[in-house]
Amino acid sequence: MDELHELDKQCVRIHTHDCKKGGYRCLKRRDMEGNKICRTPPFPQSHSNYIMEIHSRYPQATLEVLHKLEMAKLLPGTKKHFVPCGLLTAEKAMYTAIMGEHILPTCVPLFCITRSSTNFLVTPSTRFSCSYLSRYTEKTEEHADGFLFPGADGKSFRLRSLTILPIVKRT
């Protein structure tokens with residue numbers, strides 16, 4: 001039982017998000033005033049997992065065209081406001097969370113195997129998965145610059161990447 005308790009403490013320690021610990025690299029998004037905010041906000045307090053629908057913002061003209069294509073439906077209680085439906089519905093898995101905790105979503109069995117951060121996000125809808133992956137793959141890591149050099153044989157190359165962490169000189 002002590003081993004299980006220690007494993008739980010280790011999981012919480014590794015997966016608790018702390019902006020300062022990561023050098024504030026998580027401050028990407030901006031609030032209404034233009035201030036940078038954490039891109040990994042804490043999950044709302046909940047006693048169970050659930051799926052939350054995310055309302056995508058499309059121009060009204062686009063929604064009207066999507067409605068004609070049966071890819072948007074009339075918002076209940078309105079006569080002219082549409083919301084995406086079917087494959088365009090965006091949903092996000094929300095995890096059990098305790099008030100005041102800021103723990104990244106994780107896959108506990110995977111953590112038990114690797115004993116490392118697993119930041120595991122379930123994306124139940126095709127729309128959210130495609131949107132997330134396309135944005136993720138087009139990004140460049142701002143802290144990992146590198147240089148390509150031609151190889152001596154003329155058929156290969158060498159990659160010299162610059163370190164993300166500051167170099168500490170020892171005397």
# chains A, B, ... in the order shown; residues from 1 in each chain; ligands from 1
>>> select_by_dssp(residues="chain A", states="strand (DSSP E)", output="PyMOL selection string")
chain A and resi 27-30+36-38+50-54+72-74+82-84+90-94+146-150+157-161
>>> select_by_dssp(residues="region 6-136 of chain A", states="helix (DSSP H, G or I)", output="number ranges by chain")
A: 6-15, 60-68, 86-88, 108-114, 126-136
>>> closest_atom_pairs(of="region 31-92 of chain A", to="region 119-123 of chain A", cutoff="10 Å", atoms="only C-alpha atoms", output="JSON lines")
{"residue": "A:Ile51", "atom": "CA", "partner": "A:Thr123", "partner_atom": "CA", "distance": 9.3}
{"residue": "A:Ala90", "atom": "CA", "partner": "A:Thr123", "partner_atom": "CA", "distance": 8.8}
{"residue": "A:Glu91", "atom": "CA", "partner": "A:Thr123", "partner_atom": "CA", "distance": 6.9}
{"residue": "A:Lys92", "atom": "CA", "partner": "A:Thr123", "partner_atom": "CA", "distance": 5.6}
>>> residues_around(residues="region 16-24 of chain A", least_positions_apart="4", cutoff="7 Å", atoms="only C-alpha atoms", output="ChimeraX atom specification")
/A:12,102-104
>>> residues_around(residues="Leu148 (chain A)", least_positions_apart="5", cutoff="8 Å", atoms="only C-alpha atoms", output="list of chain:residue names")
A:Phe157, A:Arg158, A:Leu159, A:Arg160
>>> residues_around(residues="Leu88 (chain A)", least_positions_apart="4", cutoff="10 Å", atoms="only C-alpha atoms", output="list of chain:residue names")
A:Ser56, A:Leu66, A:Met71, A:Ala72, A:Val83, A:Pro84, A:Ser125, A:Thr126, A:Arg127, A:Phe128
>>> residues_around(residues="region 41-46 of chain A", least_positions_apart="5", cutoff="6 Å", atoms="only C-alpha atoms", output="list in words")
Thr96, Ala97, Ile98, Met99 and His102 of chain A
>>> residues_around(residues="Thr114 (chain A)", least_positions_apart="4", cutoff="12 Å", atoms="only C-alpha atoms", output="list in words")
Leu7, Gln10, Cys11, Ile14, Thr106, Cys107, Val108, Pro109, Leu110 and Thr118 of chain A
>>> write_last_selection(atoms="C-alpha atoms", output="PDB file, in the first residue's frame")
ATOM      1  CA  LEU A   7       3.299   6.256  -6.897  1.00  0.00           C
ATOM      2  CA  GLN A  10       4.906  10.982  -7.711  1.00  0.00           C
ATOM      3  CA  CYS A  11       2.171  11.173 -10.379  1.00  0.00           C
ATOM      4  CA  ILE A  14       5.103  15.265 -12.061  1.00  0.00           C
ATOM      5  CA  THR A 106      -2.741  11.948 -17.964  1.00  0.00           C
ATOM      6  CA  CYS A 107      -3.123   8.262 -18.714  1.00  0.00           C
ATOM      7  CA  VAL A 108      -2.438   6.558 -15.390  1.00  0.00           C
ATOM      8  CA  PRO A 109      -1.426   3.141 -16.825  1.00  0.00           C
ATOM      9  CA  LEU A 110       0.997   4.856 -19.219  1.00  0.00           C
ATOM     10  CA  THR A 118       2.267  11.815 -20.237  1.00  0.00           C
TER      11      THR A 118
END
>>> closest_residue(among="A:Met32, A:Cys112, A:Leu69, A:Ala93", to="Leu4 (chain A)", atoms="only C-alpha atoms")
A:Cys112
>>> closest_residue(among="A:Arg29, A:His55, A:Arg13, A:Lys155", to="Leu75 (chain A)", atoms="only C-alpha atoms")
A:His55
>>> closest_residue(among="A:Ile37, A:Cys26, A:Met94, A:Ala152", to="Glu53 (chain A)", atoms="only C-alpha atoms")
A:Met94
